[in-house]
>>> print(open('start08.txt').read())   # compact mmCIF, C-alpha atoms and all ligand atoms
# COMPACT_ATOMS: atom_id res chain seq x y z
CA MET A 132 -7.45 7.14 -4.61
CA THR A 133 -7.52 10.27 -2.43
CA SER A 134 -5.19 10.28 0.53
CA LEU A 135 -6.81 10.90 3.91
CA ILE A 136 -3.55 11.98 5.56
CA GLY A 137 -4.17 15.09 7.65
CA GLN A 138 -7.94 14.55 7.94
CA ARG A 139 -9.27 14.92 11.48
CA TYR A 140 -12.22 13.07 13.07
CA GLU A 141 -13.63 12.96 16.58
CA VAL A 142 -13.82 9.34 17.73
CA LYS A 143 -14.49 7.24 20.82
CA VAL A 144 -11.47 5.02 21.44
CA GLY A 145 -12.08 1.29 21.95
CA SER A 146 -9.73 -1.44 23.12
CA VAL A 147 -5.94 -1.61 22.96
CA ALA A 148 -4.31 -3.62 20.16
CA HIS A 149 -0.86 -5.20 19.74
CA GLY A 150 1.69 -2.62 18.58
CA GLY A 151 1.17 0.45 20.78
CA PHE A 152 -2.18 1.82 19.67
CA CYS A 153 -5.91 1.55 20.40
CA VAL A 154 -8.71 0.91 17.93
CA ALA A 155 -11.46 3.41 17.12
CA ARG A 156 -14.11 3.29 14.42
CA HIS A 157 -15.19 6.01 12.03
CA ASP A 158 -17.65 5.61 9.15
CA GLY A 159 -17.57 1.82 9.62
CA ARG A 160 -13.79 1.65 9.31
CA ALA A 161 -11.17 0.85 11.97
CA ILE A 162 -8.59 3.51 12.84
CA PHE A 163 -5.46 2.47 14.75
CA VAL A 164 -4.90 5.46 17.01
CA ARG A 165 -1.52 6.11 18.64
CA HIS A 166 -1.27 8.21 21.80
CA SER A 167 -4.84 7.40 22.85
CA LEU A 168 -6.31 5.22 25.59
CA PRO A 169 -9.38 2.97 25.80
CA GLY A 170 -12.55 4.91 26.67
CA GLU A 171 -11.22 8.32 25.61
CA ARG A 172 -12.87 10.68 23.15
CA VAL A 173 -10.14 12.16 20.98
CA ILE A 174 -9.57 14.07 17.78
CA VAL A 175 -7.56 11.73 15.60
CA GLU A 176 -5.44 13.04 12.74
CA ILE A 177 -4.93 10.44 10.01
CA THR A 178 -1.27 9.62 9.38
CA ASP A 179 -1.68 6.71 6.98
CA GLY A 180 -4.52 5.68 4.68
CA LYS A 181 -6.60 6.45 1.60
CA GLU A 182 -10.31 6.63 0.89
CA ASP A 183 -10.38 2.95 -0.14
CA SER A 184 -8.09 1.63 2.66
CA ARG A 185 -9.59 -1.13 4.80
CA TYR A 186 -8.22 0.59 7.91
CA LEU A 187 -6.48 3.86 8.73
CA ARG A 188 -3.74 4.89 11.12
CA GLY A 189 -3.74 8.09 13.12
CA ASP A 190 -2.51 10.06 16.08
CA ALA A 191 -4.66 11.45 18.91
CA VAL A 192 -3.80 15.14 18.53
CA GLU A 193 -6.48 16.45 20.92
CA ILE A 194 -7.95 14.71 23.93
CA VAL A 195 -11.62 15.58 24.39
CA THR A 196 -12.32 13.23 27.34
CA PRO A 197 -9.17 11.86 28.98
CA SER A 198 -8.82 8.41 30.58
CA PRO A 199 -8.07 8.34 34.32
CA GLU A 200 -4.80 6.55 33.38
CA ARG A 201 -3.57 9.50 31.27
CA VAL A 202 -0.51 11.31 32.71
CA ASP A 203 1.88 14.00 31.48
CA SER A 204 4.67 12.60 29.31
CA GLN A 205 8.17 12.64 30.81
CA CYS A 206 9.68 13.21 27.38
CA ALA A 207 9.64 16.40 25.31
CA VAL A 208 9.67 14.61 21.95
CA SER A 209 7.22 11.74 22.46
CA GLY A 210 3.61 12.17 21.36
CA PRO A 211 1.87 12.83 18.03
CA GLY A 212 4.36 13.14 15.18
CA GLY A 213 7.28 12.76 17.58
CA CYS A 214 9.82 10.09 18.47
CA GLY A 215 8.63 6.52 17.89
CA GLY A 216 10.78 5.03 20.66
CA CYS A 217 8.07 5.08 23.34
CA ASP A 218 4.38 4.28 22.85
CA TRP A 219 2.94 4.82 26.34
CA GLN A 220 4.64 7.91 27.79
CA HIS A 221 1.13 9.35 28.27
CA VAL A 222 -0.03 6.44 30.43
CA SER A 223 0.47 5.69 34.15
CA LEU A 224 2.77 2.70 34.78
CA LYS A 225 -0.16 0.76 36.25
CA GLY A 226 -2.19 1.63 33.14
CA GLN A 227 0.68 0.50 30.87
CA ARG A 228 0.80 -2.89 32.61
CA GLU A 229 -2.97 -3.26 32.24
CA LEU A 230 -2.74 -2.46 28.51
CA LYS A 231 0.05 -5.03 28.04
CA ALA A 232 -1.92 -7.66 30.00
CA ALA A 233 -4.96 -7.02 27.79
CA VAL A 234 -2.82 -7.45 24.66
CA VAL A 235 -1.30 -10.76 25.84
CA ALA A 236 -4.76 -12.06 26.82
CA GLU A 237 -6.28 -10.96 23.51
CA GLN A 238 -3.52 -12.58 21.43
CA LEU A 239 -3.87 -15.84 23.40
CA LYS A 240 -7.63 -15.83 22.88
CA ARG A 241 -7.50 -14.95 19.19
CA LEU A 242 -4.55 -17.06 18.06
CA ALA A 243 -4.59 -19.99 20.51
CA GLY A 244 -8.25 -20.07 21.64
CA ILE A 245 -7.19 -19.79 25.29
CA ASP A 246 -9.05 -17.62 27.83
CA ARG A 247 -6.58 -16.49 30.45
CA GLU A 248 -6.40 -13.60 32.84
CA ILE A 249 -2.92 -12.08 32.57
CA VAL A 250 -1.13 -9.92 35.13
CA VAL A 251 1.97 -8.06 33.98
CA GLN A 252 4.40 -7.82 36.87
CA GLU A 253 6.38 -4.73 37.75
CA VAL A 254 10.15 -5.26 37.93
CA PRO A 255 12.71 -3.34 40.03
CA GLY A 256 13.79 -0.16 38.24
CA VAL A 257 17.14 1.65 38.32
CA ALA A 258 18.19 2.98 41.74
CA GLY A 259 17.84 6.75 42.01
CA GLN A 260 15.79 7.05 38.80
CA PRO A 261 12.06 7.84 38.53
CA GLU A 262 9.95 4.69 38.13
CA GLY A 263 9.78 3.43 34.56
CA LEU A 264 12.50 5.78 33.27
CA HIS A 265 16.21 5.47 32.41
CA TRP A 266 16.30 1.66 32.36
CA ARG A 267 17.51 0.87 28.82
CA THR A 268 21.19 -0.18 28.88
CA ARG A 269 21.54 -0.80 25.13
CA MET A 270 20.32 1.54 22.42
CA ARG A 271 20.81 1.82 18.67
CA PHE A 272 20.43 5.47 17.68
CA ALA A 273 19.72 6.33 14.06
CA ILE A 274 21.68 9.18 12.43
CA ASP A 275 19.94 11.92 10.44
CA GLU A 276 21.19 13.69 7.29
CA GLN A 277 22.99 16.30 9.43
CA GLY A 278 24.82 13.60 11.37
CA HIS A 279 22.77 13.95 14.58
CA ALA A 280 21.75 10.94 16.66
CA GLY A 281 18.12 10.21 17.44
CA LEU A 282 15.31 7.70 17.08
CA ARG A 283 12.90 7.12 14.22
CA ARG A 284 9.32 8.40 14.10
CA SER A 285 6.74 5.66 14.30
CA ARG A 286 6.44 3.76 10.97
CA SER A 287 8.86 6.16 9.29
CA HIS A 288 12.50 6.40 8.23
CA ASP A 289 12.63 10.01 9.51
CA VAL A 290 14.99 10.49 12.43
CA VAL A 291 13.93 12.68 15.37
CA ALA A 292 17.23 14.13 16.62
CA LEU A 293 17.44 13.92 20.41
CA GLN A 294 19.00 16.00 23.17
CA ASP A 295 18.00 13.52 25.83
CA CYS A 296 16.15 10.21 26.15
CA ALA A 297 13.81 9.43 29.04
CA ILE A 298 14.31 5.66 28.88
CA ALA A 299 18.08 5.55 28.22
CA HIS A 300 20.11 4.35 31.22
CA PRO A 301 22.25 7.11 32.81
CA ARG A 302 25.38 5.20 31.70
CA VAL A 303 24.11 5.34 28.09
CA LEU A 304 23.51 9.10 28.36
CA GLU A 305 27.02 9.57 29.79
CA ALA A 306 28.43 8.62 26.39
CA GLU A 307 26.99 11.96 25.11
CA VAL A 308 26.17 10.74 21.63
CA PHE A 309 23.59 13.55 21.21
CA GLY A 310 26.19 16.29 21.64
CA ALA A 311 28.38 14.93 18.81
CA THR A 312 27.87 14.69 15.04
CA TRP A 313 28.38 11.39 13.23
CA PRO A 314 29.01 12.16 9.54
CA GLY A 315 28.50 9.17 7.23
CA ALA A 316 27.08 7.03 10.01
CA GLU A 317 23.92 4.93 9.71
CA SER A 318 23.60 4.27 13.42
CA VAL A 319 25.42 4.50 16.73
CA MET A 320 25.10 1.61 19.16
CA VAL A 321 25.58 2.36 22.84
CA ALA A 322 25.84 -0.35 25.50
CA ALA A 323 26.38 0.31 29.19
CA PRO A 324 27.90 -2.18 31.60
CA VAL A 325 25.72 -2.67 34.68
CA GLY A 326 26.00 -4.64 37.88
CA PRO A 327 27.77 -4.28 41.22
CA THR A 328 31.38 -4.95 40.16
CA VAL A 329 31.41 -3.28 36.73
CA GLU A 330 29.87 0.09 37.51
CA THR A 331 33.03 2.03 36.74
CA ASN A 332 33.72 0.23 33.44
CA GLU A 333 33.49 2.36 30.32
CA THR A 334 30.32 2.52 28.22
CA SER A 335 30.76 1.11 24.68
CA VAL A 336 29.92 3.10 21.54
CA LEU A 337 30.04 1.40 18.15
CA VAL A 338 29.47 3.46 14.98
CA GLU A 339 27.99 1.68 11.95
CA TYR A 340 28.67 3.59 8.71
CA ARG A 341 26.52 3.66 5.57
CA ASP A 342 29.30 1.88 3.65
CA GLY A 343 28.99 -1.10 6.02
CA THR A 344 32.16 -0.41 8.02
CA LYS A 345 32.17 -0.14 11.82
CA HIS A 346 34.29 1.86 14.26
CA GLN A 347 34.54 1.35 18.01
CA ALA A 348 34.36 5.01 19.12
CA LEU A 349 34.42 4.45 22.88
CA GLY A 350 34.95 1.63 25.36
CA PRO A 351 35.48 -2.01 24.57
CA ALA A 352 33.80 -3.92 21.70
CA THR A 353 32.99 -6.62 24.24
CA LEU A 354 31.64 -5.36 27.52
CA VAL A 355 31.06 -7.12 30.80
CA ASN A 356 27.84 -7.13 32.81
CA ASP A 357 27.51 -8.43 36.35
CA ALA A 358 24.22 -10.25 36.94
CA VAL A 359 22.90 -13.27 38.83
CA ASP A 360 26.28 -13.78 40.55
CA ARG A 361 28.33 -14.06 37.37
CA LEU A 362 30.20 -11.86 34.90
CA TRP A 363 28.79 -11.90 31.38
CA ARG A 364 30.77 -10.84 28.32
CA SER A 365 28.73 -9.74 25.33
CA ARG A 366 29.49 -7.62 22.28
CA VAL A 367 28.03 -4.15 21.96
CA ASP A 368 26.34 -5.36 18.73
CA GLY A 369 25.42 -8.79 20.13
CA PHE A 370 22.51 -9.73 22.38
CA TRP A 371 22.20 -8.99 26.09
CA GLN A 372 18.98 -8.26 27.97
CA VAL A 373 18.42 -4.47 27.93
CA HIS A 374 16.70 -3.95 31.31
CA PRO A 375 19.12 -4.25 34.24
CA SER A 376 16.57 -6.37 36.16
CA ALA A 377 15.91 -8.71 33.24
CA PRO A 378 18.63 -11.32 33.86
CA ALA A 379 17.57 -11.95 37.48
CA VAL A 380 13.82 -11.74 36.77
CA LEU A 381 13.97 -14.08 33.78
CA VAL A 382 16.41 -16.58 35.34
CA ASP A 383 14.11 -16.84 38.36
CA ALA A 384 11.05 -17.28 36.11
CA VAL A 385 12.77 -19.94 33.98
CA ILE A 386 13.96 -21.96 37.00
CA THR A 387 10.52 -21.73 38.64
CA ALA A 388 8.87 -22.86 35.41
CA ALA A 389 11.37 -25.64 34.62
CA GLN A 390 11.50 -27.24 38.11
CA PRO A 391 14.90 -28.79 37.26
CA ARG A 392 16.08 -32.09 38.74
CA PRO A 393 19.76 -33.07 39.27
CA SER A 394 19.66 -35.78 36.57
CA ASP A 395 18.08 -33.55 33.92
CA VAL A 396 19.47 -32.82 30.46
CA VAL A 397 18.61 -29.28 29.31
CA TRP A 398 18.61 -27.72 25.85
CA ASP A 399 18.90 -23.93 25.90
CA LEU A 400 17.86 -22.86 22.39
CA TYR A 401 18.64 -19.34 21.12
CA ALA A 402 21.10 -19.15 24.00
CA GLY A 403 22.76 -15.78 23.38
CA VAL A 404 25.83 -15.57 25.63
CA GLY A 405 24.50 -18.34 27.88
CA LEU A 406 22.28 -16.65 30.48
CA PHE A 407 19.81 -19.52 31.02
CA ALA A 408 22.41 -22.27 30.38
CA GLY A 409 24.62 -20.75 33.10
CA ALA A 410 21.76 -20.45 35.58
CA LEU A 411 20.49 -24.00 35.03
CA ALA A 412 23.86 -25.81 34.81
CA PRO A 413 24.51 -26.03 38.59
CA LEU A 414 21.02 -27.52 39.07
CA VAL A 415 21.07 -30.27 36.41
CA SER A 416 23.30 -32.92 34.83
CA ASP A 417 24.05 -31.47 31.36
CA VAL A 418 23.17 -28.40 29.29
CA VAL A 419 23.48 -27.87 25.53
CA ALA A 420 23.30 -24.17 24.55
CA VAL A 421 22.54 -23.54 20.86
CA GLU A 422 23.21 -20.12 19.34
CA SER A 423 23.71 -19.04 15.71
CA GLU A 424 25.95 -16.00 16.22
CA ALA A 425 29.63 -16.96 16.32
CA ALA A 426 30.72 -14.07 18.56
CA SER A 427 27.95 -14.80 21.08
CA CYS A 428 29.04 -18.45 21.16
CA ARG A 429 32.65 -17.40 21.85
CA ASP A 430 31.46 -15.08 24.64
CA GLY A 431 29.15 -17.79 25.96
CA GLU A 432 32.02 -20.29 26.13
CA ARG A 433 34.14 -17.81 28.08
CA ASN A 434 31.24 -16.83 30.35
CA LEU A 435 30.57 -20.44 31.30
CA LYS A 436 34.06 -21.96 31.08
CA ASP A 437 33.99 -23.03 34.76
CA LEU A 438 30.77 -24.99 34.15
CA LYS A 439 32.09 -28.21 32.66
CA THR A 440 28.61 -29.63 32.01
CA VAL A 441 27.66 -26.92 29.50
CA LYS A 442 28.30 -27.46 25.80
CA VAL A 443 27.94 -24.41 23.56
CA VAL A 444 26.93 -25.26 19.98
CA HIS A 445 27.37 -22.71 17.19
CA GLU A 446 24.47 -23.58 14.89
CA ARG A 447 21.06 -22.44 13.78
CA VAL A 448 18.38 -23.99 16.00
CA ASP A 449 16.42 -25.44 13.06
CA LYS A 450 19.52 -27.07 11.58
CA TRP A 451 20.72 -28.39 14.92
CA LEU A 452 17.31 -29.81 15.83
CA ARG A 453 17.18 -31.63 12.48
CA GLN A 454 20.49 -33.28 13.38
CA GLN A 455 18.93 -34.50 16.65
CA ALA A 456 15.98 -36.11 14.86
CA ASP A 457 16.81 -39.54 16.28
CA PRO A 458 16.35 -39.13 20.03
CA GLN A 459 18.03 -42.53 20.61
CA GLN A 460 21.35 -41.12 19.40
CA LEU A 461 21.90 -38.80 22.30
CA ASP A 462 20.60 -37.81 25.66
CA ALA A 463 17.12 -36.59 24.84
CA PRO A 464 16.33 -33.45 26.84
CA ASP A 465 14.18 -33.42 29.94
CA ILE A 466 13.85 -29.64 29.72
CA VAL A 467 13.90 -27.40 26.65
CA VAL A 468 14.24 -23.65 27.17
CA LEU A 469 13.72 -21.50 24.09
CA ASP A 470 14.04 -17.73 23.76
CA PRO A 471 13.58 -17.04 20.04
CA PRO A 472 13.73 -13.66 18.26
CA ARG A 473 10.50 -11.69 17.72
CA LYS A 474 9.09 -13.92 14.97
CA GLY A 475 8.85 -16.85 17.40
CA ALA A 476 9.69 -20.51 16.78
CA GLY A 477 7.15 -21.66 14.16
CA ALA A 478 5.69 -25.05 13.25
CA SER A 479 8.85 -26.88 12.21
CA ILE A 480 10.84 -26.03 15.35
CA VAL A 481 7.90 -26.61 17.69
CA GLY A 482 7.37 -29.99 15.98
CA MET A 483 11.02 -31.00 16.41
CA ILE A 484 11.07 -29.94 20.09
CA CYS A 485 7.89 -31.89 20.84
CA GLY A 486 9.29 -34.85 18.87
CA VAL A 487 12.03 -35.45 21.47
CA LYS A 488 9.37 -35.43 24.22
CA PRO A 489 10.86 -33.16 26.90
CA ARG A 490 9.16 -33.26 30.30
CA VAL A 491 8.82 -29.52 30.22
CA VAL A 492 9.29 -26.71 27.72
CA VAL A 493 9.95 -23.17 28.96
CA TYR A 494 9.35 -20.48 26.36
CA VAL A 495 10.69 -16.94 26.89
CA ALA A 496 8.88 -14.60 24.49
CA CYS A 497 9.29 -10.95 23.58
CA ASP A 498 6.31 -10.90 21.19
CA PRO A 499 2.87 -11.95 22.48
CA ALA A 500 1.49 -12.61 18.97
CA ALA A 501 4.35 -14.96 18.08
CA LEU A 502 4.01 -16.64 21.48
CA ALA A 503 0.25 -17.15 21.00
CA ARG A 504 0.79 -18.69 17.54
CA ASP A 505 3.38 -21.05 19.03
CA VAL A 506 1.07 -21.88 21.99
CA ALA A 507 -1.43 -23.20 19.43
CA LEU A 508 1.34 -25.23 17.72
CA PHE A 509 2.47 -26.77 21.04
CA ALA A 510 -1.17 -27.62 21.88
CA ALA A 511 -1.55 -29.41 18.54
CA GLN A 512 1.44 -31.59 19.55
CA GLY A 513 -0.09 -32.39 22.95
CA TYR A 514 1.88 -29.82 24.97
CA GLU A 515 -0.50 -27.80 27.13
CA LEU A 516 0.13 -24.26 28.30
CA GLY A 517 0.69 -24.15 32.08
CA GLU A 518 1.70 -20.96 33.94
CA LEU A 519 2.27 -17.87 31.85
CA THR A 520 4.01 -15.00 33.64
CA ALA A 521 4.50 -11.58 32.09
CA TYR A 522 6.97 -8.87 33.07
CA ASP A 523 7.12 -5.14 32.41
CA LEU A 524 10.74 -5.19 31.22
CA PHE A 525 10.19 -2.37 28.69
CA PRO A 526 8.32 0.46 30.48
CA MET A 527 6.92 3.30 28.30
CA THR A 528 6.91 1.02 25.24
CA HIS A 529 4.27 -1.51 24.15
CA HIS A 530 6.75 -4.36 24.57
CA VAL A 531 6.28 -7.05 27.21
CA GLU A 532 8.25 -10.20 28.07
CA CYS A 533 6.44 -13.46 28.81
CA VAL A 534 7.61 -16.79 30.22
CA ALA A 535 5.33 -19.70 29.37
CA VAL A 536 5.60 -23.32 30.47
CA PHE A 537 4.33 -26.34 28.54
CA THR A 538 3.99 -29.94 29.65
CA LEU A 539 2.77 -33.04 27.84
CA SER A 540 -0.95 -33.45 28.55
C1 LIG A 601 16.10 -13.08 22.40
S1 LIG A 601 17.80 -13.49 22.27
C2 LIG A 601 17.95 -14.54 23.69
C3 LIG A 601 19.34 -14.76 24.24
C4 LIG A 601 19.44 -15.36 25.64
N1 LIG A 601 18.44 -16.36 25.91
C5 LIG A 601 19.40 -14.28 26.70
O1 LIG A 601 18.39 -14.16 27.40
O2 LIG A 601 20.40 -13.55 26.85
C6 LIG A 601 17.78 -14.56 20.91
C7 LIG A 601 19.11 -15.14 20.50
O3 LIG A 601 18.87 -16.06 19.45
C8 LIG A 601 19.90 -15.96 18.49
N2 LIG A 601 19.33 -16.49 17.24
C9 LIG A 601 18.53 -15.86 16.33
N3 LIG A 601 18.15 -16.72 15.38
C10 LIG A 601 18.70 -17.92 15.69
C11 LIG A 601 18.66 -19.21 15.09
N4 LIG A 601 17.96 -19.43 13.97
N5 LIG A 601 19.33 -20.21 15.67
C12 LIG A 601 20.07 -20.00 16.80
N6 LIG A 601 20.13 -18.80 17.42
C13 LIG A 601 19.46 -17.77 16.87
C14 LIG A 601 20.27 -14.49 18.47
O4 LIG A 601 21.60 -14.31 18.00
C15 LIG A 601 20.12 -14.14 19.96
O5 LIG A 601 21.34 -14.32 20.63
>>> encode(input="start08.txt", output="C-alpha cells")
Amino acid sequence: MTSLIGQRYEVKVGSVAHGGFCVARHDGRAIFVRHSLPGERVIVEITDGKEDSRYLRGDAVEIVTPSPERVDSQCAVSGPGGCGGCDWQHVSLKGQRELKAAVVAEQLKRLAGIDREIVVQEVPGVAGQPEGLHWRTRMRFAIDEQGHAGLRRSRSHDVVALQDCAIAHPRVLEAEVFGATWPGAESVMVAAPVGPTVETNETSVLVEYRDGTKHQALGPATLVNDAVDRLWRSRVDGFWQVHPSAPAVLVDAVITAAQPRPSDVVWDLYAGVGLFAGALAPLVSDVVAVESEAASCRDGERNLKDLKTVKVVHERVDKWLRQQADPQQLDAPDIVVLDPPRKGAGASIVGMICGVKPRVVVYVACDPAALARDVALFAAQGYELGELTAYDLFPMTHHVECVAVFTLS
C-alpha cells in the first residue's frame, strides 16, 4: 500500500490526546499531529502512515492560524522532525498545564467512566532559571554513530545530537557530555545531586556500552540528594525523582491524602530508595517498603537506618503481595501507598491490595491512562476515587504526575 509519508494537508486541529499530540481529521481519518494545539489551523506533514492505515501521524510544519497559547520554543532543536525529548516547547506553561489536565480528565472519563474537573498544579522551579526550564536532574542521553550524545527523535531510533538541552538541570549540563565523544557507547546517564547540603557534590556520569559493560566516567556511582530534611542515596542508574521539587511536593501530597494515624501500619509498594516510607515512618507505627531492585533496597536501608520502624523488603510487589494473602498472619495495612512504573498496577495487584482491606490507598501515578485503568479496577473492588491531585513535574513534556486517594465505599 502506498506510503503517505511526506504528504501535506491543511487541517483544523481538535482536542489534545495522551502522548503529546492533538487530533485532527482529514478525509474521514484521524491524524495525530505533533507540535500543534487545539483550535489551530495547520499544515500537517505525514510522518507515519499508508493509504490503508486507520490513522496517520504527522507534524505541524506550518501554522496557518495559531492558538493564543502558542509561544516561541526555548530550544533550537525541538519542533517538527527535531528532538523528541520535549512535546510542548511551543506552548505557554499555563497552556501546557491545561492540556495535561484535559488528558487526565479524558482518560478518567474514557477508561473509568468518571467525570472530573482536573487542575494541574504548578510546582516551584529551579532558582535562577527561567520558568519551566532546566529542571531535569537525571537524563539518559543516547549516543549516535559518531559517538555524540543527544536525544531520540519522536518514535524513532535516530539520535539528534545536542549542544545544549533546555530542560536539563544546570548541574547536568556542567558534566559537558555534549562536548565529548563516546565511542562504542549506547547511552550516557547523567545524575546531578541537588539540595541545600549537597550542592557542591560532583555530578555522576555513567556510560553504558553496546557490549553491555558500564563505566563510571565522573562522580560517584551512588549520589546523595538532600530533600525533605533527609539525605537520600540513590544510584545514577537507579530511581530518584527527576524534578528537584518532586520529593517535597509528592511527600506532602501523599501525607495529605493518607491522613496517617500514630497506630497505622503502612505498606509502601514500589518504594524506590524509600522516599514515602521515610516520610510516613515518624507519623505511624510501622512501615513495610517493598522494592524489586536490590541496589535500591540497599540504598533505602541506609537512607532510613535511623527509622527503626521501617522494614525494607527486596521483592517484586506481586510476589510479596501473594505471600501476604492471609491477612490474619501479619499486621494488615491501614494505609497502602503505591507508586508503580508507567504500566500501572493491573488487576491482580489491585485485587490483592483491596483484599487486605486498607483504610486508604494512595496511588502515585506517572501515566494517566494506567491510573485511569486502575481507578476502574479499584472501583470494581469497592474502593472509590477521592481527591485526585495533579502536578506539573515535567514541564515542556506531555508527562504529568498524579496522586489519587481511594477509600472503601
Ligand atoms: C516510579 S518509581 C517510585 C519510587 C519511589 N516511590 C520514589 O518516589 O522515589 C517505581 C519503583 O518501583 C520499582 N519496581 C518496578 N517494578 C517493580 C515490581 N514489580 N516490584 C517492586 N518494585 C518494582 C522500580 O525499581 C522503582 O524503584
>>> residues_near_ligand(input="start08.txt", ligand="ligand LIG 601 (chain A)", cutoff="7 Å", atoms="only C-alpha atoms and all ligand atoms", output="list in words")
Gly369, Phe370, Trp371, Gln372, Leu400, Tyr401, Ala402, Gly403, Val404, Gly405, Leu406, Phe407, Val421, Glu422, Ser423, Glu424, Ser427, Glu446, Arg447, Val448, Asp449, Asp470, Pro471 and Pro472 of chain A
>>> residues_around(input="start08.txt", residues="stretch 520-533 of chain A", least_positions_apart="3", cutoff="9 Å", atoms="all atoms listed in the file", output="ChimeraX atom specification")
/A:149-152,216-222,224,227-228,230-232,235,249-254,262-264,266-267,298,373-377,380-381,384,494-499,502
>>> atom_distance(input="start08.txt", atom1="atom CA of A:Leu337", atom2="atom CA of A:Met320")
5.0 Å
>>> atom_distance(input="start08.txt", atom1="atom CA of A:Phe163", atom2="atom CA of A:Thr133")
19.0 Å
>>> residues_around(input="start08.txt", residues="stretch 283-287 of chain A", least_positions_apart="3", cutoff="9 Å", atoms="all atoms listed in the file", output="PyMOL selection string")
chain A and resi 212-216+218+272-273+290-292
>>> closest_residue(input="start08.txt", among="A:Gly210, A:Gly517, A:Pro393, A:Pro197", to="A:Val534", atoms="all atoms listed in the file")
A:Gly517
>>> residues_around(input="start08.txt", residues="A:Thr538", least_positions_apart="6", cutoff="12 Å", atoms="only C-alpha atoms", output="JSON, numbers by chain")
{"A": [388, 389, 390, 465, 466, 467, 484, 485, 488, 489, 490, 491, 492, 493, 494, 506, 509, 510, 512, 513, 514, 515, 516, 517, 518]}
>>> atom_distance(input="start08.txt", atom1="atom CA of A:Ala358", atom2="atom CA of A:Lys474")
26.9 Å
>>> residues_near_point(input="start08.txt", point="(32.5, -11.9, 34.5)", cutoff="10 Å", atoms="only C-alpha atoms", output="PyMOL selection string")
chain A and resi 328-329+354-358+360-364+433-435
>>> closest_residue(input="start08.txt", among="A:Glu339, A:Asp368, A:Asp289, A:Glu248", to="A:Leu519", atoms="only C-alpha atoms")
A:Glu248
>>> residues_near_point(input="start08.txt", point="(-9.0, -2.8, 28.1)", cutoff="7 Å", atoms="all atoms listed in the file", output="list in words")
Ser146, Val147, Pro169, Leu230 and Ala233 of chain A
>>> closest_residue(input="start08.txt", among="A:Thr178, A:Ser184, A:Lys143, A:Ala426", to="A:Arg160", atoms="all atoms listed in the file")
A:Ser184
>>> closest_residue(input="start08.txt", among="A:Ala258, A:Val367, A:Leu304, A:Ala501", to="A:Gly326", atoms="all atoms listed in the file")
A:Ala258
>>> closest_residue(input="start08.txt", among="A:Ala503, A:Cys153, A:Val487, A:Leu135", to="A:Val396", atoms="only C-alpha atoms")
A:Val487
>>> residues_around(input="start08.txt", residues="A:Phe309", least_positions_apart="3", cutoff="12 Å", atoms="only C-alpha atoms", output="list in words")
Phe272, Ala273, Ile274, Asp275, Gly278, His279, Ala280, Gly281, Leu282, Val291, Ala292, Leu293, Gln294, Asp295, Cys296, Ala299, Val303, Leu304, Glu305, Ala306, Thr312, Trp313, Val319 and Val321 of chain A
>>> residues_around(input="start08.txt", residues="A:Val419", least_positions_apart="2", cutoff="6 Å", atoms="only C-alpha atoms", output="CSV table (one decimal) with C-alpha atoms, keeping the file's coordinate frame")
chain,number,residue,atom,x,y,z
A,398,TRP,CA,18.6,-27.7,25.8
A,441,VAL,CA,27.7,-26.9,29.5
A,442,LYS,CA,28.3,-27.5,25.8
A,443,VAL,CA,27.9,-24.4,23.6
>>> closest_residue(input="start08.txt", among="A:Gly315, A:Asp246, A:His166, A:Val536", to="A:Thr387", atoms="all atoms listed in the file")
A:Val536
>>> decode(input="start08.txt", residues="stretch 482-517 of chain A", atoms="C-alpha atoms", output="short mmCIF file (atom, residue, chain, number, x, y, z; two decimals), in the first residue's frame")
data_model
loop_
_atom_site.label_atom_id
_atom_site.label_comp_id
_atom_site.auth_asym_id
_atom_site.auth_seq_id
_atom_site.Cartn_x
_atom_site.Cartn_y
_atom_site.Cartn_z
CA GLY A 482 -7.18 -7.19 43.80
CA MET A 483 -4.56 -8.24 46.36
CA ILE A 484 -4.31 -4.71 47.82
CA CYS A 485 -8.09 -4.44 48.18
CA GLY A 486 -8.16 -7.96 49.64
CA VAL A 487 -6.30 -6.84 52.79
CA LYS A 488 -8.83 -4.00 53.22
CA PRO A 489 -6.66 -0.95 53.92
CA ARG A 490 -8.48 2.12 55.23
CA VAL A 491 -6.93 4.19 52.50
CA VAL A 492 -4.93 3.61 49.33
CA VAL A 493 -2.73 6.40 47.95
CA TYR A 494 -1.70 5.92 44.34
CA VAL A 495 1.16 7.97 42.85
CA ALA A 496 0.95 7.74 39.05
CA CYS A 497 3.18 8.91 36.22
CA ASP A 498 0.82 7.70 33.47
CA PRO A 499 -2.78 8.96 33.42
CA ALA A 500 -4.00 6.09 31.20
CA ALA A 501 -2.60 3.43 33.52
CA LEU A 502 -4.01 5.32 36.51
CA ALA A 503 -7.48 5.53 34.91
CA ARG A 504 -7.47 1.77 34.16
CA ASP A 505 -6.51 1.08 37.78
CA VAL A 506 -9.18 3.53 39.06
CA ALA A 507 -11.77 1.33 37.34
CA LEU A 508 -10.23 -1.79 38.94
CA PHE A 509 -10.29 -0.22 42.43
CA ALA A 510 -13.93 0.82 41.89
CA ALA A 511 -14.85 -2.76 40.96
CA GLN A 512 -13.42 -3.83 44.36
CA GLY A 513 -15.43 -1.18 46.23
CA TYR A 514 -12.63 1.40 46.54
CA GLU A 515 -13.89 4.79 45.39
CA LEU A 516 -11.72 7.52 43.96
CA GLY A 517 -11.50 10.50 46.36
#
